[in-house]
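A short write-up of the structure that comes next.
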Amino acid sequence: MKKIYFLAIMAVSVLLASCGRGGQGELVGAYNRKFRNQQIPLGMIYVPPGHTPLGGSDEDITFSQSGPSRMTTIPAFFMDQTEISNAKYRQFTKWVRDSIAIVMMGYPQQYMVTKKGAAANGLGGEKYIDWKKVGNGSGIWSGKGKGAAAANRSQLDNMYYSGLDALPGKKEIDVRKLEYVYGILNFDKAALGHKDPNSKRQDYIDRYTVAVYPDTMVWKTDYSYSQNDPMVRGYFNHPSYDDYPVVGVSWEQTQAFSHWRTQLYQGVASSRKMPANARADYRLPSESEFEYAARGGNTKTKYPWGGPYIRNTKGCLQANFKPGRGDYSSDGGIYTVNVHSYFPNDYGLYNMAGNVAEWTQTAYNKSAAPLLHDLSPNFTYVAGKDDSKYLKRKVVKGGSWKDTGYFLQNAVSTYEYQDQQRSYIGFRCVSSLYGTDLRNKN
């Protein structure tokens, strides 16, 4: 009898092997489900792969802050066409604000959605915030909400300035309480210790709590004896500046923004039943990626517009910077200007020089230059609170509205500390291309 059972099992096994996707016992592979990933993200520009000399030229001054020139290969990526504007960054701060409010009110049902299929099991299902119902958040903060939201709105009192911190007759949100909490897998740490049998995945996870609201006081603290009070009051929130680059954000805040932006897209991708890695994470560009993109596909160019001069053939200045002593206005702007100002470079990227200098992912350490690889070079180090300030320096590229023309050169780099905010530093994001080249359909 046992022999009959054994023969029956063998027969079923042979039948499955011959009728399944085993390819008659041949190796055919286990392919992932295909989906459309050739779409360029909204507001971004495709930067194709290539190799080009990066770094300074023979014309650069001795002891400059630009690195030595060398041939480098950069893989393809997507890059924001413009600097992140006040309006786009405000979407982030309002998302954080409304998320905190919904949690404090006890997750009012009118703002929640239950994942389909989960409610049927009698356990209530897993609930998520329905951002279509939240809208611009006016229902939460105006007092016009109904039901549980109205009953629990008193829980939001702690979100406002109170006591002597409050101005008479005004009810203002305490922006210091707008914190974004997240965690990431640190690949640098994982690369060093992942083969340690005693290590755990939690050893490589960095967790952060970041206050996300820009420091609007930078317009005062960056300058002594200068009348910039109107910029303090209006730059981030007045509609006149909606499409101007956000400033007053630290490198640490740009990391939080990039993580949030990634999660924002992945939520939509999940609802469309796309895989979690449908799009590469948003992040800051490396120093080499920024310079490569700034050159616009041209070789050994001094400025993003391709020529060696700061003016065009008509004598017009080609970027927003400081043309001369005490002169901030000859280029058409006094402080920052609209993120779509001036002509884009040959990749279609705006203001890769001037307007605001921009954070990069790269840690500033010129002694690391000889050690960098010639394929997508980058040096990273995320400093902790107790680290030396010299380990907190991050590369800043592009020059700003307050800088002289020298700092607008493609090869020139400066630095700022990762926890500092400035009135002349902003940022834009990139997202790597999964694949070799968007132009290659194979």
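Labeling convention for the structure tokens: chains A, B, ... as they appear, residues from 1 per chain, ligands from 1 in order of appearance.
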Report as CSV the residues of stretch 160-277 of chain A within 9 Å of stretch 338-347 of chain A, each with its shortest atom pair and distance in Å (one decimal), using only C-alpha atoms, ordered by chain and increasing residue number.
residue,atom,partner,partner_atom,distance
A:Tyr241,CA,A:Asn338,CA,7.7
A:Asp242,CA,A:Asn338,CA,8.5
A:Asp243,CA,A:Asn338,CA,5.5
A:Tyr244,CA,A:Asn338,CA,4.5
A:Pro245,CA,A:Val339,CA,6.1
Could you list, as JSON, numbers by chain, every residue within 10 Å of A:Arg295, counting only C-alpha atoms and ignoring same-chain residues fewer than 5 positions away?
{"A": [52, 54, 290, 300, 301, 302, 303, 304, 305, 306, 345, 346, 347, 349, 352, 409, 410, 411]}
Counting only C-alpha atoms, give me one row per residue of stretch 304-402 of chain A with an atom at most 12 Å from an atom of stretch 207-221 of chain A, showing the shortest contact pair and its distance in Å to one decimal, sorted by chain then residue number, as a Markdown table.
| residue | atom | partner | partner_atom | distance |
| --- | --- | --- | --- | --- |
| A:Tyr335 | CA | A:Trp219 | CA | 10.3 |
| A:Thr336 | CA | A:Trp219 | CA | 11.8 |
| A:Val382 | CA | A:Tyr208 | CA | 11.8 |
| A:Gly384 | CA | A:Tyr208 | CA | 10.7 |
| A:Lys385 | CA | A:Tyr208 | CA | 11.5 |
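Residues in contact range of A:Phe427, defined as at most 6 Å between only C-alpha atoms, with sequence neighbours fewer than 2 positions away removed, read Glu83, Glu358 and Trp359 of chain A.
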Non-local contacts of A:Leu372 (12 Å; only C-alpha atoms; under 3 positions in same chain excluded) as a ChimeraX atom specification: /A:67-68,70-72,287-288,362,365-369,375-380
DSSP on the backbone: which residues in stretch 191-223 of chain A end up as strand (DSSP E)? Give the answer as an MDAnalysis selection string. chainID A and resid 205:211
Go ahead and write the residues just picked, C-alpha atoms, as a short mmCIF file (atom, residue, chain, number, x, y, z; two decimals), in the first residue's frame.
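Below you can see result-v4.cif, which holds the result:
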data_model
loop_
_atom_site.label_atom_id
_atom_site.label_comp_id
_atom_site.auth_asym_id
_atom_site.auth_seq_id
_atom_site.Cartn_x
_atom_site.Cartn_y
_atom_site.Cartn_z
CA ILE A 205 18.26 52.11 10.43
CA ASP A 206 18.56 55.85 11.14
CA ARG A 207 15.55 57.48 12.78
CA TYR A 208 14.88 61.21 12.72
CA THR A 209 12.46 63.79 14.08
CA VAL A 210 12.79 66.99 12.04
CA ALA A 211 11.08 70.35 12.52
#
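For A:Ala319, the residues within 9 Å (counting only C-alpha atoms, excluding itself and residues fewer than 2 positions away along the chain) are Ile310, Arg311, Leu317, Phe321, Asp331, Gly332, Ser341, Tyr342, Phe343, Asn351, Ala353, Gly354, Asn355, Trp401 and Leu408 of chain A.
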Just write the chosen residues, C-alpha atoms, as an mmCIF file, in the first residue's frame.
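Listing of part_6.cif after writing:
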data_model
loop_
_atom_site.group_PDB
_atom_site.id
_atom_site.type_symbol
_atom_site.label_atom_id
_atom_site.label_comp_id
_atom_site.auth_asym_id
_atom_site.auth_seq_id
_atom_site.Cartn_x
_atom_site.Cartn_y
_atom_site.Cartn_z
ATOM 1 C CA ILE A 310 28.198 86.153 -17.764
ATOM 2 C CA ARG A 311 26.351 88.284 -20.363
ATOM 3 C CA LEU A 317 23.001 89.202 -17.575
ATOM 4 C CA PHE A 321 23.573 87.162 -8.805
ATOM 5 C CA ASP A 331 20.162 91.308 -13.455
ATOM 6 C CA GLY A 332 16.438 91.954 -12.942
ATOM 7 C CA SER A 341 13.392 83.097 -14.669
ATOM 8 C CA TYR A 342 16.140 83.370 -17.315
ATOM 9 C CA PHE A 343 16.736 80.810 -20.040
ATOM 10 C CA ASN A 351 18.743 78.474 -12.584
ATOM 11 C CA ALA A 353 23.564 78.973 -11.474
ATOM 12 C CA GLY A 354 22.316 81.924 -9.479
ATOM 13 C CA ASN A 355 19.014 82.658 -7.728
ATOM 14 C CA TRP A 401 21.498 86.054 -5.691
ATOM 15 C CA LEU A 408 28.185 80.657 -10.571
#
Using DSSP on the backbone coordinates, identify the residues of stretch 264-310 of chain A assigned to helix (DSSP H, G or I); present them as a PyMOL selection string. chain A and resi 264-271+287-294
Query raised in the report: Using only C-alpha atoms, which of A:Leu264, A:Ala269, A:Val249, A:Val356 sits nearest A:Gly333?
Result: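 Result for the nearest residue to A:Gly333: A:Val356.
Distances to A:Gly248 were evaluated for A:Asp387, A:Asp222, A:Asp281, A:Glu172 using only C-alpha atoms, and the minimum falls at A:Asp222.
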request  = Counting only C-alpha atoms, figure out which residue out of A:Leu167, A:Val337, A:Ala294, A:Leu391 gets nearest to A:Ala363.
outcome  =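 Looking only at the distances to A:Ala363, the closest residue turns out to be A:Leu391.
Straight-line separation from atom CA of A:Ser85 to atom CA of A:Gly297: 25.3 Å.
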Which residue, A:Asn186, A:His259, A:Ala278, A:Lys402, has the smallest gap to A:Arg325 when you use only C-alpha atoms?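 Using only C-alpha atoms, the shortest distance to A:Arg325 belongs to A:Lys402.
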Open item on the list: Between atom CA of A:Met159 and atom CA of A:His238, what is the distance in Å, rounded to a tenth?
Closed with: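 Atom-to-atom, atom CA of A:Met159 to atom CA of A:His238, that is 21.9 Å.
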